[in-house]
There are 2 protein chains.
Amino acid sequence: MKREPQLRIDPDLPVPVYRQVVDGLRSLLVERALQPGDALPTVRELGMELGVHFNTVAEAYRLLAAEGWLDLRRRRGAIVTERAAPRQQPQAEEQFSRSLRQLIAQVRADGLSVRAITKELERLTLELTV
Amino acid sequence: MKREPQLRIDPDLPVPVYRQVVDGLRSLLVERALQPGDALPTVRELGMELGVHFNTVAEAYRLLAAEGWLDLRRRRGAIVTERAAPRQQPQAEEQFSRSLRQLIAQVRADGLSVRAITKELERLTLELTV
DNA sequence: GTCAATGTACATTGTATATGTACATTCAAC
DNA sequence: GTTGAATGTACATATACAATGTACATTGAC
């Protein structure tokens with residue numbers, strides 16, 4: 001069992017816990033912090049660690065398995081799989097543009113400066129380019 | 001009553017409709033497409049247009065009013081107000097970084113190319129800088 | 001002063017989320 | 001090969017949240 005970077009779960013956010021788990025793990029998977037062959041914690045272990053019921057973690061694992069990231073088998077746990085590059089969804093680009101704008105609008109409304117935002121955008125751009 | 005840009009509501013998304021309305025309108029407010037003094041459609045009008053119940057729109061308006069964007073009065077409707085720049089939330093920056101990474105991970109998982117993503121990031125960066 | 005148009009209040013219904021509990025499966029040990 | 005403990009799964013339950021239905025209080029135009 002590999003030491004994964006700690007996921008942050010905030011039960012007060014308006015987004016359900018199982019989705020926070022999915023989103024957090026998907027980041028690690030896309031960024032290859034979790035690689036094919038790696039074993040994730042068992043649903044009970046991760047549930048303990050995050051302070052949620054193991055069925056909540058199981059639901060998250062199931063969604064990620066449905067997306068093609070994980071191979072779930074009883075007694076063996078959750079193993080990261082090779083995942084074929086998916087074909088681009090037709091409206092993916094426009095949807096991304098909209099979501100990004102909304103995210104930025106939200107943090108601007110929370111008082112984050114335009115400077116801090118552009119800095120972060122540039123950081124991520126660079127990170128993707130390398 | 002001003003002609004607002006059309007909001008996109010998708011009842012199939014896992015994010016509730018009233019939040020889609022809030023997020024969409026907040027974008028327009030932050031980007032000044034809706035300016036102080038402008039009148040929004042009535043809750044019934046916008047409800048009709050989006051195909052949702054007017055109380056759903058009313059809930060969205062209430063949240064935006066609580067954030068300081070709108071002035072709600074019976075019979076007058078919803079008016080965009082001047083809004084004082086808020087103080088930055090302590091963890092705003094880290095939260096933005098995390099949300100942004102997760103958003104990018106999601107669209108990459110949906111097959112959007114890194115090239116398309118960076119292009120959009122650069123576009124938004126530029127837009128903020130001007 | 002009247003009244004129609006507005007946002008509000010709140011009850012109701014439906015759906016989603018999180019948990020509790022029992023179970024089927026499978027691998028390791030022997 | 002049998003056994004048993006550890007795993008993910010299945011499904012029932014409780015609760016919270018979202019969306020609607022309906023009635024109402026307020027207010028500005030006339």
# chains A, B, ... in the order shown; residues from 1 in each chain; ligands from 1

$ select_by_dssp --residues "stretch 22-128 of chain B" --states "strand (DSSP E)" --output "list in words"
Leu70, Asp71, Leu72, Arg73, Gly77, Ala78, Ile79 and Val80 of chain B

$ residues_around --residues "stretch 101-105 of chain A" --least-positions-apart "3" --cutoff "7 Å" --atoms "only C-alpha atoms (C1' of nucleotides)" --output "PyMOL selection string"
(chain A and resi 97-98+108-109) or (chain B and resi 23-24+26-27+30)

$ residues_around --residues "stretch 5-9 of chain C" --least-positions-apart "5" --cutoff "7 Å" --atoms "only C-alpha atoms (C1' of nucleotides)" --output "PyMOL selection string"
chain B and resi 73-77

$ residues_around --residues "stretch 5-14 of chain D" --least-positions-apart "6" --cutoff "9 Å" --atoms "only C-alpha atoms (C1' of nucleotides)" --output "VMD selection string"
(chain A and resid 42 to 43 58 72 to 78) or (chain C and resid 18 to 26)

$ closest_residue --among "A:Ala92, A:Leu124, A:Leu64, A:Val15" --to "C:DT17" --atoms "only C-alpha atoms (C1' of nucleotides)"
A:Val15

$ atom_distance --atom1 "atom CA of B:Pro16" --atom2 "atom CA of B:Ile79"
23.8 Å

$ select_by_dssp --residues "stretch 12-111 of chain B" --states "helix (DSSP H, G or I)" --output "PyMOL selection string"
chain B and resi 17-30+43-50+54-66+92-109

$ write_last_selection --atoms "C-alpha atoms" --output "PDB file, in the first residue's frame"
ATOM      1  CA  VAL B  17     -30.137  24.037 -10.988  1.00  0.00           C
ATOM      2  CA  TYR B  18     -30.294  26.894  -8.503  1.00  0.00           C
ATOM      3  CA  ARG B  19     -26.516  26.728  -8.228  1.00  0.00           C
ATOM      4  CA  GLN B  20     -26.112  26.744 -11.996  1.00  0.00           C
ATOM      5  CA  VAL B  21     -28.167  29.917 -12.030  1.00  0.00           C
ATOM      6  CA  VAL B  22     -26.064  31.454  -9.267  1.00  0.00           C
ATOM      7  CA  ASP B  23     -22.786  30.537 -10.961  1.00  0.00           C
ATOM      8  CA  GLY B  24     -23.914  31.750 -14.353  1.00  0.00           C
ATOM      9  CA  LEU B  25     -25.184  35.062 -13.070  1.00  0.00           C
ATOM     10  CA  ARG B  26     -22.138  35.591 -10.864  1.00  0.00           C
ATOM     11  CA  SER B  27     -19.928  35.300 -13.916  1.00  0.00           C
ATOM     12  CA  LEU B  28     -21.927  37.995 -15.666  1.00  0.00           C
ATOM     13  CA  LEU B  29     -21.765  40.166 -12.561  1.00  0.00           C
ATOM     14  CA  VAL B  30     -18.033  39.792 -12.017  1.00  0.00           C
ATOM     15  CA  VAL B  43     -38.137  35.340 -10.974  1.00  0.00           C
ATOM     16  CA  ARG B  44     -41.134  34.231 -13.010  1.00  0.00           C
ATOM     17  CA  GLU B  45     -39.733  35.450 -16.325  1.00  0.00           C
ATOM     18  CA  LEU B  46     -36.360  33.830 -15.843  1.00  0.00           C
ATOM     19  CA  GLY B  47     -37.999  30.696 -14.519  1.00  0.00           C
ATOM     20  CA  MET B  48     -40.066  30.485 -17.705  1.00  0.00           C
ATOM     21  CA  GLU B  49     -37.053  31.105 -19.892  1.00  0.00           C
ATOM     22  CA  LEU B  50     -34.982  28.426 -18.179  1.00  0.00           C
ATOM     23  CA  PHE B  54     -39.804  30.479 -10.214  1.00  0.00           C
ATOM     24  CA  ASN B  55     -38.972  29.515  -6.657  1.00  0.00           C
ATOM     25  CA  THR B  56     -35.786  27.934  -7.918  1.00  0.00           C
ATOM     26  CA  VAL B  57     -34.801  31.243  -9.475  1.00  0.00           C
ATOM     27  CA  ALA B  58     -35.890  33.067  -6.327  1.00  0.00           C
ATOM     28  CA  GLU B  59     -33.532  30.885  -4.289  1.00  0.00           C
ATOM     29  CA  ALA B  60     -30.687  31.758  -6.641  1.00  0.00           C
ATOM     30  CA  TYR B  61     -31.476  35.483  -6.402  1.00  0.00           C
ATOM     31  CA  ARG B  62     -31.514  35.222  -2.611  1.00  0.00           C
ATOM     32  CA  LEU B  63     -28.047  33.693  -2.560  1.00  0.00           C
ATOM     33  CA  LEU B  64     -26.703  36.402  -4.843  1.00  0.00           C
ATOM     34  CA  ALA B  65     -28.362  39.030  -2.665  1.00  0.00           C
ATOM     35  CA  ALA B  66     -26.667  37.449   0.355  1.00  0.00           C
ATOM     36  CA  ALA B  92      -8.873  31.370  -1.109  1.00  0.00           C
ATOM     37  CA  GLU B  93      -5.628  30.899  -2.990  1.00  0.00           C
ATOM     38  CA  GLU B  94      -5.021  27.282  -2.082  1.00  0.00           C
ATOM     39  CA  GLN B  95      -8.647  26.423  -2.688  1.00  0.00           C
ATOM     40  CA  PHE B  96      -8.516  28.016  -6.117  1.00  0.00           C
ATOM     41  CA  SER B  97      -5.407  26.064  -6.962  1.00  0.00           C
ATOM     42  CA  ARG B  98      -7.033  22.803  -5.970  1.00  0.00           C
ATOM     43  CA  SER B  99     -10.330  23.488  -7.758  1.00  0.00           C
ATOM     44  CA  LEU B 100      -8.486  24.527 -10.883  1.00  0.00           C
ATOM     45  CA  ARG B 101      -6.397  21.365 -10.900  1.00  0.00           C
ATOM     46  CA  GLN B 102      -9.494  19.261 -10.426  1.00  0.00           C
ATOM     47  CA  LEU B 103     -11.330  21.035 -13.210  1.00  0.00           C
ATOM     48  CA  ILE B 104      -8.411  20.506 -15.555  1.00  0.00           C
ATOM     49  CA  ALA B 105      -8.103  16.864 -14.541  1.00  0.00           C
ATOM     50  CA  GLN B 106     -11.767  16.386 -15.298  1.00  0.00           C
ATOM     51  CA  VAL B 107     -11.670  17.818 -18.796  1.00  0.00           C
ATOM     52  CA  ARG B 108      -8.448  15.974 -19.553  1.00  0.00           C
ATOM     53  CA  ALA B 109     -10.231  12.805 -18.519  1.00  0.00           C
TER      54      ALA B 109
END

$ atom_distance --atom1 "atom CA of B:Asp110" --atom2 "atom CA of A:Thr81"
16.6 Å

$ decode --residues "stretch 25-59 of chain A" --atoms "N, CA and C atoms" --output "PDB file, in the first residue's frame"
ATOM      1  N   LEU A  25      -9.070  12.193  -6.272  1.00  0.00           N
ATOM      2  CA  LEU A  25      -8.315  11.061  -6.813  1.00  0.00           C
ATOM      3  C   LEU A  25      -8.076  11.215  -8.314  1.00  0.00           C
ATOM      4  N   ARG A  26      -9.062  11.757  -9.022  1.00  0.00           N
ATOM      5  CA  ARG A  26      -8.897  11.912 -10.469  1.00  0.00           C
ATOM      6  C   ARG A  26      -7.724  12.839 -10.783  1.00  0.00           C
ATOM      7  N   SER A  27      -7.584  13.877  -9.968  1.00  0.00           N
ATOM      8  CA  SER A  27      -6.421  14.759 -10.142  1.00  0.00           C
ATOM      9  C   SER A  27      -5.134  13.960 -10.042  1.00  0.00           C
ATOM     10  N   LEU A  28      -5.043  13.166  -8.998  1.00  0.00           N
ATOM     11  CA  LEU A  28      -3.810  12.389  -8.790  1.00  0.00           C
ATOM     12  C   LEU A  28      -3.582  11.408  -9.931  1.00  0.00           C
ATOM     13  N   LEU A  29      -4.665  10.874 -10.463  1.00  0.00           N
ATOM     14  CA  LEU A  29      -4.554   9.913 -11.560  1.00  0.00           C
ATOM     15  C   LEU A  29      -4.111  10.597 -12.846  1.00  0.00           C
ATOM     16  N   VAL A  30      -4.740  11.723 -13.147  1.00  0.00           N
ATOM     17  CA  VAL A  30      -4.387  12.445 -14.375  1.00  0.00           C
ATOM     18  C   VAL A  30      -2.947  12.923 -14.320  1.00  0.00           C
ATOM     19  N   GLU A  31      -2.542  13.381 -13.140  1.00  0.00           N
ATOM     20  CA  GLU A  31      -1.185  13.904 -12.980  1.00  0.00           C
ATOM     21  C   GLU A  31      -0.151  12.802 -12.750  1.00  0.00           C
ATOM     22  N   ARG A  32      -0.615  11.573 -12.785  1.00  0.00           N
ATOM     23  CA  ARG A  32       0.276  10.420 -12.666  1.00  0.00           C
ATOM     24  C   ARG A  32       0.963  10.313 -11.316  1.00  0.00           C
ATOM     25  N   ALA A  33       0.379  10.956 -10.321  1.00  0.00           N
ATOM     26  CA  ALA A  33       0.866  10.712  -8.965  1.00  0.00           C
ATOM     27  C   ALA A  33       0.443   9.313  -8.538  1.00  0.00           C
ATOM     28  N   LEU A  34      -0.622   8.846  -9.129  1.00  0.00           N
ATOM     29  CA  LEU A  34      -1.031   7.442  -8.985  1.00  0.00           C
ATOM     30  C   LEU A  34      -0.887   6.791 -10.358  1.00  0.00           C
ATOM     31  N   GLN A  35      -0.090   5.761 -10.434  1.00  0.00           N
ATOM     32  CA  GLN A  35       0.222   5.169 -11.725  1.00  0.00           C
ATOM     33  C   GLN A  35      -0.348   3.768 -11.857  1.00  0.00           C
ATOM     34  N   PRO A  36      -0.527   3.348 -13.103  1.00  0.00           N
ATOM     35  CA  PRO A  36      -1.020   1.997 -13.354  1.00  0.00           C
ATOM     36  C   PRO A  36      -0.248   0.972 -12.541  1.00  0.00           C
ATOM     37  N   GLY A  37      -0.976   0.107 -11.887  1.00  0.00           N
ATOM     38  CA  GLY A  37      -0.341  -0.904 -11.053  1.00  0.00           C
ATOM     39  C   GLY A  37      -0.388  -0.556  -9.573  1.00  0.00           C
ATOM     40  N   ASP A  38      -0.452   0.737  -9.277  1.00  0.00           N
ATOM     41  CA  ASP A  38      -0.511   1.155  -7.881  1.00  0.00           C
ATOM     42  C   ASP A  38      -1.795   0.666  -7.223  1.00  0.00           C
ATOM     43  N   ALA A  39      -1.678   0.352  -5.961  1.00  0.00           N
ATOM     44  CA  ALA A  39      -2.848  -0.067  -5.196  1.00  0.00           C
ATOM     45  C   ALA A  39      -3.342   1.092  -4.351  1.00  0.00           C
ATOM     46  N   LEU A  40      -4.626   1.375  -4.427  1.00  0.00           N
ATOM     47  CA  LEU A  40      -5.209   2.386  -3.536  1.00  0.00           C
ATOM     48  C   LEU A  40      -5.503   1.758  -2.183  1.00  0.00           C
ATOM     49  N   PRO A  41      -5.717   2.604  -1.179  1.00  0.00           N
ATOM     50  CA  PRO A  41      -6.116   2.052   0.123  1.00  0.00           C
ATOM     51  C   PRO A  41      -7.443   1.312  -0.033  1.00  0.00           C
ATOM     52  N   THR A  42      -7.722   0.413   0.847  1.00  0.00           N
ATOM     53  CA  THR A  42      -9.025  -0.248   0.826  1.00  0.00           C
ATOM     54  C   THR A  42     -10.097   0.772   1.171  1.00  0.00           C
ATOM     55  N   VAL A  43     -11.322   0.457   0.795  1.00  0.00           N
ATOM     56  CA  VAL A  43     -12.410   1.399   1.070  1.00  0.00           C
ATOM     57  C   VAL A  43     -12.517   1.674   2.563  1.00  0.00           C
ATOM     58  N   ARG A  44     -12.238   0.655   3.383  1.00  0.00           N
ATOM     59  CA  ARG A  44     -12.332   0.869   4.833  1.00  0.00           C
ATOM     60  C   ARG A  44     -11.195   1.736   5.347  1.00  0.00           C
ATOM     61  N   GLU A  45      -9.998   1.496   4.851  1.00  0.00           N
ATOM     62  CA  GLU A  45      -8.855   2.315   5.270  1.00  0.00           C
ATOM     63  C   GLU A  45      -9.077   3.784   4.929  1.00  0.00           C
ATOM     64  N   LEU A  46      -9.407   4.023   3.653  1.00  0.00           N
ATOM     65  CA  LEU A  46      -9.554   5.413   3.229  1.00  0.00           C
ATOM     66  C   LEU A  46     -10.746   6.068   3.930  1.00  0.00           C
ATOM     67  N   GLY A  47     -11.794   5.274   4.144  1.00  0.00           N
ATOM     68  CA  GLY A  47     -12.942   5.789   4.883  1.00  0.00           C
ATOM     69  C   GLY A  47     -12.529   6.260   6.272  1.00  0.00           C
ATOM     70  N   MET A  48     -11.786   5.418   6.976  1.00  0.00           N
ATOM     71  CA  MET A  48     -11.243   5.772   8.291  1.00  0.00           C
ATOM     72  C   MET A  48     -10.472   7.081   8.225  1.00  0.00           C
ATOM     73  N   GLU A  49      -9.523   7.094   7.298  1.00  0.00           N
ATOM     74  CA  GLU A  49      -8.606   8.232   7.174  1.00  0.00           C
ATOM     75  C   GLU A  49      -9.363   9.526   6.920  1.00  0.00           C
ATOM     76  N   LEU A  50     -10.420   9.444   6.132  1.00  0.00           N
ATOM     77  CA  LEU A  50     -11.158  10.654   5.774  1.00  0.00           C
ATOM     78  C   LEU A  50     -12.314  10.928   6.734  1.00  0.00           C
ATOM     79  N   GLY A  51     -12.592   9.960   7.578  1.00  0.00           N
ATOM     80  CA  GLY A  51     -13.674  10.157   8.538  1.00  0.00           C
ATOM     81  C   GLY A  51     -15.055  10.017   7.921  1.00  0.00           C
ATOM     82  N   VAL A  52     -15.166   9.172   6.914  1.00  0.00           N
ATOM     83  CA  VAL A  52     -16.473   8.941   6.297  1.00  0.00           C
ATOM     84  C   VAL A  52     -16.725   7.441   6.240  1.00  0.00           C
ATOM     85  N   HIS A  53     -17.947   7.086   5.932  1.00  0.00           N
ATOM     86  CA  HIS A  53     -18.307   5.681   5.878  1.00  0.00           C
ATOM     87  C   HIS A  53     -17.644   5.005   4.689  1.00  0.00           C
ATOM     88  N   PHE A  54     -17.276   3.732   4.860  1.00  0.00           N
ATOM     89  CA  PHE A  54     -16.553   3.066   3.767  1.00  0.00           C
ATOM     90  C   PHE A  54     -17.393   2.942   2.504  1.00  0.00           C
ATOM     91  N   ASN A  55     -18.732   2.912   2.678  1.00  0.00           N
ATOM     92  CA  ASN A  55     -19.559   2.835   1.487  1.00  0.00           C
ATOM     93  C   ASN A  55     -19.477   4.115   0.652  1.00  0.00           C
ATOM     94  N   THR A  56     -19.196   5.208   1.305  1.00  0.00           N
ATOM     95  CA  THR A  56     -19.025   6.471   0.583  1.00  0.00           C
ATOM     96  C   THR A  56     -17.772   6.402  -0.293  1.00  0.00           C
ATOM     97  N   VAL A  57     -16.718   5.825   0.262  1.00  0.00           N
ATOM     98  CA  VAL A  57     -15.498   5.640  -0.528  1.00  0.00           C
ATOM     99  C   VAL A  57     -15.739   4.624  -1.639  1.00  0.00           C
ATOM    100  N   ALA A  58     -16.488   3.576  -1.315  1.00  0.00           N
ATOM    101  CA  ALA A  58     -16.769   2.541  -2.316  1.00  0.00           C
ATOM    102  C   ALA A  58     -17.498   3.146  -3.514  1.00  0.00           C
ATOM    103  N   GLU A  59     -18.439   4.047  -3.228  1.00  0.00           N
ATOM    104  CA  GLU A  59     -19.174   4.710  -4.310  1.00  0.00           C
ATOM    105  C   GLU A  59     -18.219   5.513  -5.188  1.00  0.00           C
TER     106      GLU A  59
END
